[in-house]
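Quick notes on the structure that follows.
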Amino acid sequence: LIKSIHILLCYKEITGCYSLLLHLIRNLSSTFYRRPLFRVAQNNNCRPAHLQNDVELSGDLIRYGKTKQSLKRDDWLRVFDVPKRWFWHFYAVSVGWNGLLLVLYLSFIFQHQYPLWLSDFLDILTGAPGSDSQVPKLSTVLVQLLLWVHSLRRLLECLFVSVFSDGAMHLVQYMFGLGYYIMLGLTILCCDRMEKERSTLLSQLDWLQVAGFVLFIWASWLQHQSMVLLARLRTGKSGTVETLTHRVPEGGWFELVSCPHYFAELLIYISLSFVFRGLSFTWWLVVLYVLFNQALAGQLCHDLYVSKYKSYPRHRRAFIPFVL
């Protein structure tokens with residue numbers, strides 16, 4: 001009976017958190033997309049100027065690409081625009097930096113020590129000094145490797161598959177993106193530092209890591225297929241660019257959600273958590289960040305499609321099939 005009550009309470013807590021998540025995302029979306037409160041205030045000439053400026057700046061910081069183009073922005077905000085096609089910079093930095101960290105960790109497996117600069121930096125980040133007796137972890141090698149593969153694929157897609165328009169992103173978003181992929185690799189090494197392991201490297205392999213690897217492959221395929229379908233909206237049969245206008249995406253998982261590539265991104269990070277055998281609380285926090293980030297971006301994009309195309313399929317969700 002006690003176990004049953006505990007399960008019901010946990011279920012109620014989970015569903016409550018899920019409802020709160022949906023409510024938060026949809027309210028954020030309506031705040032930065034529709035902004036009905038400030039439209040009314042504008043019509044009545046009673047809009048608080050400082051509050052309106054805050055909302056405009058927040059909307060400018062949270063949007064990029066086509067969702068930013070629909071905004072009426074002051075000229076001073078456009079000064080901080082950088083091209084969205086610079087997305088490839090993020091993945092180029094990730095390929096170089098996280099590739100270096102992967103090589104250094106492979107070296108650590110055999111030499112049992114990092115370079116002094118990296119060891120000192122990890123000591124600062126974790127607050128836990130490293131030990132020469134620290135056992136290398138298979139999960140760290142796999143996650144670092146898969147992150148590098150993911151970054152390389154996305155870099156190649158940005159350079160050779162995607163067709164970018166004249167969309168923009170904020171300079172703050174650009175700088176954050178560069179820092180994000182630098183810190184992501186360091187986060188993996190911090191997770192390695194905080195977790196204890198005693199068994200040998202190959203004996204650490206278990207079914208959850210295999211499941212995570214399989215999910216990573218499938219989610220990567222889903223994201224690549226979605227990027228190809230998006231690119232085909234702007235190219236002809238010969239592959240040449242014919243238009244830079246936005247069209248309604250069709251085919252594949254676009255029949256279920258407006259942004260399957262965002263959903264695939266979330267699945268990729270979840271798969272890496274499985275490769276960590278689900279034991280890294282820090283990485284689950286990274287997954288939570290990706291969930292909020294991709295869900296908000298997906299909802300904004302979905303709202304744009306719905307408002308722009310009157311015949312847009314009403315059964316499509318924004319981000320997660322049948323859910324959100």
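As shown in the structure tokens, the chain order sets the letters A, B, ...; within each chain, residues go from 1, and ligands are also counted from 1 in the order they appear.
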Strand (DSSP E) per DSSP on the backbone: members of region 81-290 of chain A, as a list in words: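 Going through region 81-290 of chain A, the strand (DSSP E) residues come out as Asp81, Val82, Pro83, Ala168, Met169 and His170 of chain A.
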Could you list, as a list in words, every residue within 8 Å of region 213-226 of chain A, counting only C-alpha atoms and ignoring same-chain residues fewer than 6 positions away?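 Near neighbours after the sequence-gap exclusion: His150, Glu157, Gly252, Trp253, Phe254, Pro260, His261, Tyr262, Ala264, Glu265, Leu267, Ile268, Ser271, Leu272 and Val275 of chain A.
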Backbone DSSP call of helix (DSSP H, G or I) for region 68-260 of chain A, listed as number ranges by chain: A: 68-69, 75-78, 84-111, 116-126, 138-160, 171-194, 202-204, 207-232, 252-255, 260
Pairwise distance for CA of Asp206 (chain A) and CA of Leu122 (chain A), rounded to one decimal in Å: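 One can read the CA of Asp206 (chain A) to CA of Leu122 (chain A) distance as 27.3 Å.
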Near Leu171 (chain A), within 12 Å and counting only C-alpha atoms, which residues show up once chain neighbours fewer than 5 positions away are dropped, as an mmCIF file with C-alpha atoms, in the first residue's frame?
```cif
data_model
loop_
_atom_site.group_PDB
_atom_site.id
_atom_site.type_symbol
_atom_site.label_atom_id
_atom_site.label_comp_id
_atom_site.auth_asym_id
_atom_site.auth_seq_id
_atom_site.Cartn_x
_atom_site.Cartn_y
_atom_site.Cartn_z
ATOM 1 C CA ASP A 60 15.737 39.920 -29.735
ATOM 2 C CA LEU A 61 18.035 37.804 -27.563
ATOM 3 C CA ILE A 62 15.843 34.716 -27.688
ATOM 4 C CA ARG A 63 15.046 34.662 -31.414
ATOM 5 C CA TYR A 64 17.121 33.985 -34.491
ATOM 6 C CA LEU A 77 19.139 46.428 -31.954
ATOM 7 C CA ARG A 78 20.192 45.618 -35.528
ATOM 8 C CA VAL A 79 23.713 46.819 -34.776
ATOM 9 C CA PHE A 80 24.277 43.568 -32.841
ATOM 10 C CA ASP A 81 23.077 41.278 -35.653
ATOM 11 C CA VAL A 82 25.422 38.653 -37.059
ATOM 12 C CA PRO A 83 24.494 36.280 -39.918
ATOM 13 C CA LYS A 84 22.746 33.072 -38.930
ATOM 14 C CA TRP A 86 27.726 31.714 -38.948
ATOM 15 C CA PHE A 87 26.257 28.720 -37.131
ATOM 16 C CA PHE A 176 27.186 32.146 -26.062
ATOM 17 C CA GLY A 177 27.196 29.455 -28.752
ATOM 18 C CA LEU A 178 30.983 29.560 -29.016
#
```
Selected residue of minimal separation from Leu202 (chain A) among A:Val287, A:Val95, A:Ala295, A:Leu138, counting only C-alpha atoms: A:Leu138
Of the candidates A:Ala168, A:Val306, A:Val135, A:Leu288, which one gets nearest to Gln111 (chain A) if we count only C-alpha atoms? A:Val135
From the options A:Asp192, A:Leu233, A:Tyr312, A:Ser151, which residue's atoms come nearest to Ala128 (chain A), counting only C-alpha atoms?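 Smallest separation from Ala128 (chain A) among the options: A:Asp192.
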Which one is closest to Leu189 (chain A): A:Gly130, A:Gly167, A:Gly59, A:Gly298? Count only C-alpha atoms. A:Gly130
Within 12 Å of Ala231 (chain A), counting only C-alpha atoms, which residues qualify if same-chain residues fewer than 4 places away don't, as a ChimeraX atom specification? /A:157-165,224-227,235-237,239-250
Kindly export the residues of the current selection with C-alpha atoms, as a compact mmCIF listing (two decimals), in the first residue's frame.
```txt
# COMPACT_ATOMS: atom_id res chain seq x y z
CA GLU A 157 25.63 19.99 -42.99
CA CYS A 158 26.04 23.74 -42.42
CA LEU A 159 28.68 23.97 -45.14
CA PHE A 160 27.28 21.62 -47.78
CA VAL A 161 23.59 20.89 -47.08
CA SER A 162 21.80 23.81 -45.44
CA VAL A 163 20.74 26.83 -47.50
CA PHE A 164 20.80 29.90 -45.27
CA SER A 165 18.83 33.03 -46.03
CA HIS A 224 20.20 14.82 -41.01
CA GLN A 225 17.07 13.77 -42.91
CA SER A 226 15.24 16.82 -41.55
CA MET A 227 18.06 19.15 -42.61
CA THR A 235 16.83 24.02 -54.15
CA GLY A 236 15.80 22.51 -57.47
CA LYS A 237 16.26 18.95 -58.67
CA GLY A 239 20.66 20.97 -56.27
CA THR A 240 21.06 24.63 -57.22
CA VAL A 241 19.49 27.27 -54.99
CA GLU A 242 16.28 28.62 -56.52
CA THR A 243 14.82 30.69 -53.70
CA LEU A 244 15.55 31.87 -50.17
CA THR A 245 11.92 32.27 -49.17
CA HIS A 246 10.38 30.19 -46.42
CA ARG A 247 7.99 27.40 -47.35
CA VAL A 248 5.96 24.82 -45.45
CA PRO A 249 8.20 21.79 -44.80
CA GLU A 250 6.75 18.41 -45.72
```
Any idea what the distance is between CA of Leu256 (chain A) and CA of Arg316 (chain A)?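 Separation of CA of Leu256 (chain A) and CA of Arg316 (chain A): 5.0 Å.
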Please provide as a compact mmCIF listing (two decimals) with C-alpha atoms, in the first residue's frame all residues within 9 Å of region 115-119 of chain A, with the sequence filter that same-chain residues fewer than 3 positions apart are discarded (counting only C-alpha atoms).
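The resulting file, out-v7.txt, is shown below:
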```txt
# COMPACT_ATOMS: atom_id res chain seq x y z
CA LEU A 104 44.08 14.40 -24.34
CA PHE A 108 45.28 10.17 -20.09
CA LEU A 122 39.37 20.90 -14.03
CA ASP A 123 40.40 21.26 -10.39
CA ILE A 124 38.86 24.76 -10.40
CA PRO A 129 41.69 17.68 -7.27
CA GLY A 130 42.55 14.84 -9.62
```
Nearest-residue call for Cys190 (chain A), choices A:Trp207, A:Trp283, A:Trp148, A:Phe274, using only C-alpha atoms: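 Checking each of A:Trp207, A:Trp283, A:Trp148, A:Phe274 against Cys190 (chain A), counting only C-alpha atoms, the winner is A:Trp283.
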Would you work out the distance separating CA of Ala297 (chain A) from CA of Arg85 (chain A), expressed in Å to one decimal?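 Between these atoms lies a distance of 16.9 Å.
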Closest of A:Val286, A:Val210, A:Leu142, A:Cys259 to Leu230 (chain A) - atom-to-atom distances counting only C-alpha atoms: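 Nearest candidate to Leu230 (chain A) out of A:Val286, A:Val210, A:Leu142, A:Cys259: A:Cys259.
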Near Leu156 (chain A), within 10 Å and counting only C-alpha atoms, which residues show up once chain neighbours fewer than 6 positions away are dropped, as a PyMOL selection string? chain A and resi 88+91-92+162
